[in-house]
Structures are given as structure tokens and as C-alpha cells.
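Trainee: The structure file upload27.csv (CSV, C-alpha atoms) is provided below.
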```csv
chain,number,residue,atom,x,y,z
A,944,MET,CA,90.4,104.5,175.5
A,945,ALA,CA,92.8,105.6,178.2
A,946,THR,CA,96.5,105.1,177.5
A,947,PRO,CA,98.0,102.5,179.9
A,948,PRO,CA,100.5,103.9,182.4
A,949,ASN,CA,104.2,103.5,181.8
A,950,ARG,CA,105.3,101.1,184.6
A,951,SER,CA,109.0,101.8,184.2
A,952,LEU,CA,108.5,105.5,184.6
A,953,GLU,CA,106.2,104.9,187.6
A,954,ARG,CA,108.8,102.7,189.2
A,955,GLY,CA,111.5,105.3,188.6
A,956,ILE,CA,109.5,107.9,190.2
A,957,GLU,CA,109.0,105.6,193.2
A,958,ILE,CA,112.7,105.4,193.5
A,959,LEU,CA,113.0,109.2,193.6
A,960,ARG,CA,110.2,109.5,196.2
A,961,ALA,CA,112.1,107.2,198.6
A,962,PHE,CA,114.6,110.0,199.3
A,963,ARG,CA,113.5,112.1,202.2
A,964,PRO,CA,115.2,114.4,204.7
A,965,GLY,CA,117.3,112.1,207.0
A,966,SER,CA,117.4,109.5,204.2
A,967,THR,CA,119.7,111.2,201.8
A,968,LEU,CA,121.9,108.2,201.1
A,969,LEU,CA,120.2,104.9,200.2
A,970,GLY,CA,121.5,101.6,198.9
A,971,ASN,CA,119.6,99.3,196.5
A,972,GLY,CA,118.5,97.1,199.4
A,973,GLU,CA,117.0,100.1,201.3
A,974,LEU,CA,115.3,101.3,198.1
A,975,ALA,CA,113.8,97.9,197.5
A,976,GLU,CA,112.5,97.9,201.0
A,977,ARG,CA,111.0,101.4,200.8
A,978,THR,CA,109.4,100.9,197.4
A,979,GLY,CA,108.4,97.3,197.5
A,980,LEU,CA,110.2,96.7,194.2
A,981,ALA,CA,112.3,93.7,193.4
A,982,PRO,CA,116.0,94.2,194.0
A,983,ALA,CA,116.9,93.5,190.3
A,984,THR,CA,114.3,96.1,189.3
A,985,VAL,CA,115.8,98.6,191.7
A,986,SER,CA,119.3,98.0,190.5
A,987,ARG,CA,118.3,98.5,186.9
A,988,LEU,CA,116.4,101.7,187.7
A,989,THR,CA,119.1,103.3,189.8
A,990,GLN,CA,121.6,102.7,187.0
A,991,THR,CA,119.2,104.4,184.6
A,992,LEU,CA,118.7,107.4,187.0
A,993,VAL,CA,122.4,107.8,187.5
A,994,GLY,CA,122.8,107.9,183.7
A,995,ALA,CA,120.0,110.5,183.4
A,996,GLY,CA,121.8,112.6,186.0
A,997,LEU,CA,119.0,112.4,188.6
A,998,LEU,CA,121.0,110.2,191.1
A,999,GLU,CA,124.6,110.2,192.1
A,1000,HIS,CA,126.4,106.9,193.1
A,1001,ASP,CA,128.6,107.0,196.2
A,1002,ARG,CA,131.0,104.2,195.5
A,1003,SER,CA,132.5,104.1,199.0
A,1004,ALA,CA,129.1,103.8,200.6
A,1005,ARG,CA,127.6,101.7,197.7
A,1006,ALA,CA,124.6,103.9,197.8
A,1007,TYR,CA,122.8,106.7,196.0
A,1008,ARG,CA,121.8,110.3,196.7
A,1009,LEU,CA,119.7,112.7,194.7
A,1010,ALA,CA,121.7,114.7,192.2
A,1011,ALA,CA,121.7,118.5,191.8
A,1012,PRO,CA,119.4,118.6,188.7
A,1013,VAL,CA,116.5,117.4,190.9
A,1014,LEU,CA,116.6,120.8,192.6
A,1015,SER,CA,115.9,122.6,189.3
A,1016,PHE,CA,112.5,120.8,189.1
A,1017,ALA,CA,111.4,122.3,192.4
A,1018,HIS,CA,112.6,125.8,191.3
A,1019,ALA,CA,110.7,125.5,188.0
A,1020,MET,CA,107.6,124.4,189.8
A,1021,ARG,CA,107.7,127.2,192.4
A,1022,THR,CA,108.4,130.0,189.9
A,1023,GLY,CA,105.8,128.6,187.5
A,1024,SER,CA,103.0,128.2,190.0
A,1025,ALA,CA,100.1,130.6,189.5
A,1026,VAL,CA,98.7,129.8,192.9
A,1027,LEU,CA,102.0,130.6,194.7
A,1028,GLN,CA,102.4,133.9,192.7
A,1029,VAL,CA,99.0,135.0,194.0
A,1030,ALA,CA,99.0,133.4,197.5
A,1031,ALA,CA,102.6,133.9,198.8
A,1032,PRO,CA,102.6,137.7,199.3
A,1033,ARG,CA,99.2,137.6,201.0
A,1034,MET,CA,100.3,134.7,203.2
A,1035,ARG,CA,103.4,136.6,204.2
A,1036,ALA,CA,101.4,139.7,205.1
A,1037,VAL,CA,99.1,137.8,207.4
A,1038,ALA,CA,101.9,135.9,209.1
A,1039,GLU,CA,103.9,139.1,209.7
A,1040,LYS,CA,100.9,141.1,211.0
A,1041,LEU,CA,99.6,138.4,213.4
A,1042,ARG,CA,103.0,136.9,214.2
A,1043,ILE,CA,101.7,133.4,213.3
A,1044,ASN,CA,102.8,130.6,210.9
A,1045,VAL,CA,101.0,130.4,207.6
A,1046,GLY,CA,101.5,127.5,205.1
A,1047,LEU,CA,100.1,126.2,201.8
A,1048,ALA,CA,100.2,122.5,200.9
A,1049,VAL,CA,98.8,119.9,198.5
A,1050,ALA,CA,98.2,116.2,198.9
A,1051,ASP,CA,100.8,113.8,197.6
A,1052,CYS,CA,100.1,110.1,198.1
A,1053,SER,CA,99.3,109.7,201.9
A,1054,GLU,CA,101.0,113.0,202.9
A,1055,MET,CA,100.6,116.7,202.6
A,1056,LEU,CA,103.4,118.5,200.9
A,1057,TYR,CA,104.2,122.1,201.8
A,1058,LEU,CA,104.6,124.4,198.8
A,1059,GLU,CA,105.1,127.6,200.9
A,1060,SER,CA,105.6,128.4,204.6
A,1061,PHE,CA,106.1,131.7,206.4
A,1062,ARG,CA,107.1,131.2,210.0
A,1063,TYR,CA,106.7,134.0,212.6
A,1064,ASN,CA,105.8,132.2,215.8
A,1065,THR,CA,108.4,131.4,218.4
A,1066,LYS,CA,108.6,127.6,218.7
A,1067,ALA,CA,111.7,126.3,217.1
A,1068,SER,CA,110.1,123.1,215.7
A,1069,LEU,CA,107.5,125.3,213.9
A,1070,ARG,CA,110.0,127.6,212.4
A,1071,SER,CA,111.8,124.7,210.7
A,1072,VAL,CA,108.8,123.9,208.4
A,1073,VAL,CA,109.9,124.7,204.9
A,1074,SER,CA,108.8,124.2,201.3
A,1075,GLY,CA,109.0,120.6,200.3
A,1076,GLN,CA,108.4,119.3,203.8
A,1077,ARG,CA,105.9,116.5,204.2
A,1078,VAL,CA,103.4,115.9,207.1
A,1079,PRO,CA,100.9,113.0,207.6
A,1080,ILE,CA,97.4,113.5,206.3
A,1081,GLU,CA,95.7,111.6,209.1
A,1082,LEU,CA,97.3,113.6,211.9
A,1083,THR,CA,97.3,117.2,210.7
A,1084,SER,CA,94.7,119.9,210.2
A,1085,LEU,CA,96.1,120.2,206.6
A,1086,GLY,CA,95.4,116.6,205.8
A,1087,ARG,CA,92.1,116.5,207.5
A,1088,ALA,CA,90.9,119.6,205.7
A,1089,TRP,CA,91.9,118.1,202.4
A,1090,LEU,CA,90.1,114.8,203.2
A,1091,ALA,CA,86.9,116.8,203.7
A,1092,VAL,CA,86.9,117.8,200.0
A,1093,ALA,CA,88.8,114.9,198.5
A,1094,PRO,CA,87.0,112.6,196.0
A,1095,GLU,CA,85.0,110.0,197.9
A,1096,THR,CA,86.9,107.0,196.4
A,1097,ARG,CA,90.3,108.5,197.2
A,1098,ARG,CA,89.2,109.4,200.7
A,1099,ALA,CA,88.0,105.8,201.2
A,1100,GLU,CA,91.3,104.4,199.9
A,1101,LEU,CA,93.3,106.5,202.3
A,1102,LEU,CA,91.2,105.8,205.3
A,1103,LYS,CA,91.7,102.1,204.7
A,1104,GLU,CA,95.4,102.6,204.4
A,1105,PHE,CA,95.5,104.6,207.7
A,1106,GLU,CA,93.5,101.9,209.4
A,1107,ALA,CA,96.0,99.2,208.4
A,1108,ARG,CA,99.0,101.0,209.8
A,1109,ARG,CA,97.7,102.9,212.9
A,1110,SER,CA,97.2,101.0,216.1
A,1111,ASP,CA,95.3,104.0,217.5
A,1112,TRP,CA,92.9,104.1,214.5
A,1113,PRO,CA,89.6,104.2,216.4
A,1114,ARG,CA,90.6,107.4,218.1
A,1115,LEU,CA,92.1,108.9,214.9
A,1116,ARG,CA,89.0,108.0,212.9
A,1117,LYS,CA,86.8,109.9,215.3
A,1118,GLU,CA,89.1,113.0,215.1
A,1119,ILE,CA,89.1,112.8,211.3
A,1120,ASP,CA,85.3,112.5,211.1
A,1121,LYS,CA,85.0,115.5,213.5
A,1122,ALA,CA,87.4,117.5,211.4
A,1123,ILE,CA,85.6,116.7,208.1
A,1124,ASP,CA,82.3,117.8,209.7
A,1125,SER,CA,83.9,121.0,210.9
A,1126,VAL,CA,85.2,121.9,207.4
A,1127,ARG,CA,81.8,121.3,205.9
A,1128,ARG,CA,80.0,123.3,208.5
A,1129,ARG,CA,82.5,126.1,209.3
A,1130,GLY,CA,85.0,126.0,206.5
A,1131,TRP,CA,88.0,125.0,208.7
A,1132,CYS,CA,89.2,122.3,211.1
A,1133,ALA,CA,91.8,122.3,213.9
A,1134,ALA,CA,94.3,119.8,215.2
A,1135,SER,CA,96.9,119.7,217.9
A,1136,TRP,CA,99.1,116.7,217.0
A,1137,GLN,CA,102.2,118.3,218.6
A,1138,PRO,CA,102.4,119.5,222.2
A,1139,GLU,CA,101.3,123.2,222.7
A,1140,ILE,CA,100.8,123.7,219.0
A,1141,VAL,CA,97.4,124.6,217.6
A,1142,ALA,CA,96.9,124.5,213.8
A,1143,LEU,CA,93.9,125.3,211.7
A,1144,ALA,CA,93.4,124.6,208.0
A,1145,THR,CA,90.9,125.4,205.3
A,1146,PRO,CA,90.7,124.0,201.7
A,1147,LEU,CA,91.5,126.5,198.9
A,1148,SER,CA,89.6,125.6,195.7
A,1149,LEU,CA,90.6,127.6,192.6
A,1150,GLU,CA,89.5,127.3,189.1
A,1151,ASN,CA,91.5,125.0,186.9
A,1152,GLU,CA,93.8,124.1,189.9
A,1153,ARG,CA,94.0,121.1,192.2
A,1154,VAL,CA,92.8,121.6,195.7
A,1155,HIS,CA,95.3,123.4,197.9
A,1156,VAL,CA,95.1,123.8,201.7
A,1157,LEU,CA,95.9,126.9,203.8
A,1158,ASN,CA,96.9,126.6,207.4
A,1159,ALA,CA,97.8,128.8,210.3
A,1160,SER,CA,99.5,127.6,213.5
A,1161,VAL,CA,100.8,129.0,216.7
A,1162,SER,CA,102.7,127.7,219.7
A,1163,THR,CA,100.7,128.5,222.8
A,1164,THR,CA,99.5,127.2,226.2
A,1165,ASP,CA,96.1,128.8,225.8
A,1166,PRO,CA,93.0,126.6,225.4
A,1167,ALA,CA,93.0,125.1,221.9
A,1168,ASN,CA,89.3,126.0,221.3
A,1169,GLU,CA,89.9,129.7,222.1
A,1170,VAL,CA,93.0,129.8,219.8
A,1171,ALA,CA,91.1,128.1,217.0
A,1172,LEU,CA,88.2,130.6,217.2
A,1173,ALA,CA,90.7,133.5,217.2
A,1174,LEU,CA,92.6,132.2,214.2
A,1175,SER,CA,89.6,131.0,212.1
A,1176,ALA,CA,88.5,134.5,211.0
A,1177,PRO,CA,91.8,135.7,209.6
A,1178,LEU,CA,92.4,132.3,208.0
A,1179,LEU,CA,89.1,132.3,206.2
A,1180,ALA,CA,89.6,135.9,205.2
A,1181,LEU,CA,93.0,135.0,203.7
A,1182,ARG,CA,91.4,132.2,201.8
A,1183,GLU,CA,88.8,134.7,200.4
A,1184,GLN,CA,91.5,137.2,199.5
A,1185,ILE,CA,93.5,134.7,197.6
A,1186,GLY,CA,90.5,133.3,195.8
A,1187,ALA,CA,89.3,136.8,194.8
A,1188,ALA,CA,92.8,137.8,193.6
A,1189,PHE,CA,93.2,134.6,191.6
A,1190,ARG,CA,89.9,135.1,189.9
A,1191,ASP,CA,91.1,138.6,188.7
A,1192,THR,CA,94.3,137.2,187.1
A,1193,PRO,CA,94.8,135.7,183.7
A,1194,PHE,CA,95.6,132.4,185.4
A,1195,ALA,CA,91.9,131.8,186.0
A,1196,ARG,CA,90.8,132.4,182.4
```
The structure in this file should be written as C-alpha cells.
Mentor:
Amino acid sequence: MATPPNRSLERGIEILRAFRPGSTLLGNGELAERTGLAPATVSRLTQTLVGAGLLEHDRSARAYRLAAPVLSFAHAMRTGSAVLQVAAPRMRAVAEKLRINVGLAVADCSEMLYLESFRYNTKASLRSVVSGQRVPIELTSLGRAWLAVAPETRRAELLKEFEARRSDWPRLRKEIDKAIDSVRRRGWCAASWQPEIVALATPLSLENERVHVLNASVSTTDPANEVALALSAPLLALREQIGAAFRDTPFAR
């Protein structure tokens, strides 16, 4: 019999998730709005998180910010990740050689979360992508590649969520279906959700690990189809290199 989830812990995590770049200082009212939790519940949880050292209270602003110990969680995760230890040096080598951007991400709720990112292309907005950054699943090649291999029930839940919040859902659904088909037939999909940026992604399945997704992107005015075909071979080769190297390490045993 499965142990029931700890709702207080889940709600506390929801509070921490509400903090994003550009939303570094949040009051109880904003946290209640972002999480859907009752104001009284938010007030109790923020006090607990301050006491635990995970939030700091700004008295003058009557709001909260993430505290420094949260950063140690990210450091521990990165240094302890078997996947990153194997993938990062190979990603960097490809990015440097081809002068492209190469990233690695995982799904988190309805977004993709970058674990690593090497940026060698010229567009400033692409160079700013860093570890910990989030991008929408439904708009990106990363997210669509993950949807192609996601459990059917989870994929259905997310598609329903996207449909409810996207006014342009019919067009997006066609693009997502096309991307899923591309991953299943060719191993990769492409998306250009920002002007003059072409991005490709491919799922990376490793033994005893959650599904990760590799991507490669460039800023270019060349036709997207031509760019995608040119990037697909090195991206798939990188995926195979990482997979083979991972299988030869103690992590996979």
C-alpha cells in the first residue's frame, strides 16, 4: 500500500517553486496567488520556511526572498549528477567545435529545466540561457521531444493543461503532434519559437535515470529546414556518444 503524500511538505515546495528570475521578492498575497493556496496556509508556511533558513523575510517590503542555503541544493545536485559528469564535457566539445549552443534539460511540471548549457552562438538572448532556467514545454523543441517519450497519461494531462491556457492551441497542437512524429521517425524534432532561432532536440534515455533531453540551437537567417538537417547529425551523434560513455561507467551498473 502506497504511503500517502505529506501535504504540508508538498505545499512548502510549492512556495519555493513560486520564486523565479524576475520574481525574487514575493509577499504572502503574491505567493497565495501563484500557488493557489489559502492566505492563512501561505502565512504559516512562509514562517516555517524562514525558520528553516530557506526563506528570508524583508521587513521593509513585507515580502520574502529565497535564502542562500537554497543555492547549496543546486550545487549538490549538479556535482552529484552522474548524467552531467558524463554529458557535460562532450556537450562542451561539440558546442566549441561547431560554434553552436548545446543544452541538457529535464521536465519539471509544465516546463523544461536546463541542467547544463554551453553557449557559443552569437545571439545575445541565446547566450543568456543558464543552468536552472526554465522554458515552456509546449513551445520548445526540448519540451516537444520530451512529450514524444513521456508516459501517455502524463502527456495527456499536460496537453489538456496547455489547451486550457493557450488561445492559439489548435496551431500549437498541430506543431506538437508533428514534433512527436518527427522524434519517433527520425529521433529529433525542431522548433523556431523565437525569431531567427532554430533549435533541435532529442530525448536521451539512460539506464536507471529519468529521461533527459539534449538540444542544439543557432541564431540564423538560413531556412529552418536546412539548418535542422545540418544540426541533426551532430546532435544524434552526441546523444550516442553520451549513451555509450554512460553505459561504460559504474553509474549504469
Trainee: Leaving out segment 1056-1061 of chain A and any residue of its chain fewer than 5 positions from it, which residues lie within 8 Å of it when counting all atoms listed in the file, given as a ChimeraX atom specification?
Mentor: /A:1021,1027,1031,1034-1035,1038,1044-1051,1072-1078
Trainee: Using Å and a single decimal, report how far atom CA of Ser1053 of chain A sits from atom CA of Ala1088 of chain A.
Mentor: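 About the pair atom CA of Ala1088 of chain A and atom CA of Ser1053 of chain A: they are 13.5 Å apart.
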Trainee: Need the neighbours of (107.7, 106.0, 195.6): which residues are at most 12 Å away, counting only C-alpha atoms, as a PyMOL selection string?
Mentor: chain A and resi 952-963+974-980+985+1051-1053
Trainee: Quick one: everything within 6 Å of segment 1140-1149 of chain A, counting only C-alpha atoms, minus sequence neighbours fewer than 6 positions away in the same chain. Send it as a list in words.
Mentor: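 Using only C-alpha atoms, the neighbours found are Ser1084, Leu1085, Ala1088, Trp1131, Cys1132, Ala1133, Ala1134, His1155, Val1156, Leu1157, Asn1158, Ala1159, Ser1160, Val1161 and Ser1162 of chain A.
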Trainee: Quick one: everything within 9 Å of segment 1189-1193 of chain A, counting all atoms listed in the file, minus sequence neighbours fewer than 3 positions away in the same chain. Send it as a ChimeraX atom specification.
Mentor: /A:1025-1026,1029-1030,1149-1150,1184-1186,1196
Trainee: Nearest to Leu997 of chain A among A:Pro947, A:Pro1166, A:Pro1012, A:Gly1023, with distances taken over all atoms listed in the file: which residue is it?
Mentor: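 Of all the options, A:Pro1012 lies closest to Leu997 of chain A.
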Trainee: With a distance cut-off of 8 Å and only C-alpha atoms, select the neighbouring residues of Leu1179 of chain A, excluding the residue or stretch itself and same-chain residues fewer than 3 positions from it, and output the selection as a PyMOL selection string.
Mentor: chain A and resi 1130-1131+1145+1175-1176+1182-1183
Trainee: Using all atoms listed in the file for the distances, tell me which of A:Ala1173, A:Val1037, A:Ala1167, A:Leu1090 is nearest to Ile1119 of chain A.
Mentor: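 Selected residue with least distance to Ile1119 of chain A: A:Leu1090.
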Trainee: Could you jot down the atom CA of Thr989 of chain A to atom CA of Arg1008 of chain A separation for me, Å, one decimal place?
Mentor: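 Between atom CA of Thr989 of chain A and atom CA of Arg1008 of chain A the gap is 10.2 Å.
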Trainee: Pick out the closest residue to Lys1103 of chain A from this set: A:Val993, A:Ala1091, A:Arg1116, A:Ala1006. Count only C-alpha atoms.
Mentor: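 Closest candidate: A:Arg1116.
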Trainee: Atom CA of Arg987 of chain A to atom CA of Asn971 of chain A: how many Å, to one decimal?
Mentor: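 One can read the atom CA of Arg987 of chain A to atom CA of Asn971 of chain A distance as 9.7 Å.
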Trainee: Return the single residue from A:Val1170, A:Leu988, A:Tyr1007, A:Gly996 that is closest to Thr967 of chain A, with distances computed using only C-alpha atoms.
Mentor: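 The shortest atom-to-atom distance to Thr967 of chain A comes from A:Tyr1007.
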Trainee: Select, from A:Leu1181, A:Val1126, A:Ala1004, A:Leu1174, the residue with the minimum atom-to-atom distance to Ile1043 of chain A, counting all atoms listed in the file.
Mentor: A:Leu1174
Trainee: Let me make sure I understand: among A:Leu1014, A:Met1020, A:Val1154, A:Leu1009, which one has the smallest atom-to-atom distance to Pro1094 of chain A if we use all atoms listed in the file?
Mentor: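 Nearest to Pro1094 of chain A: A:Val1154.
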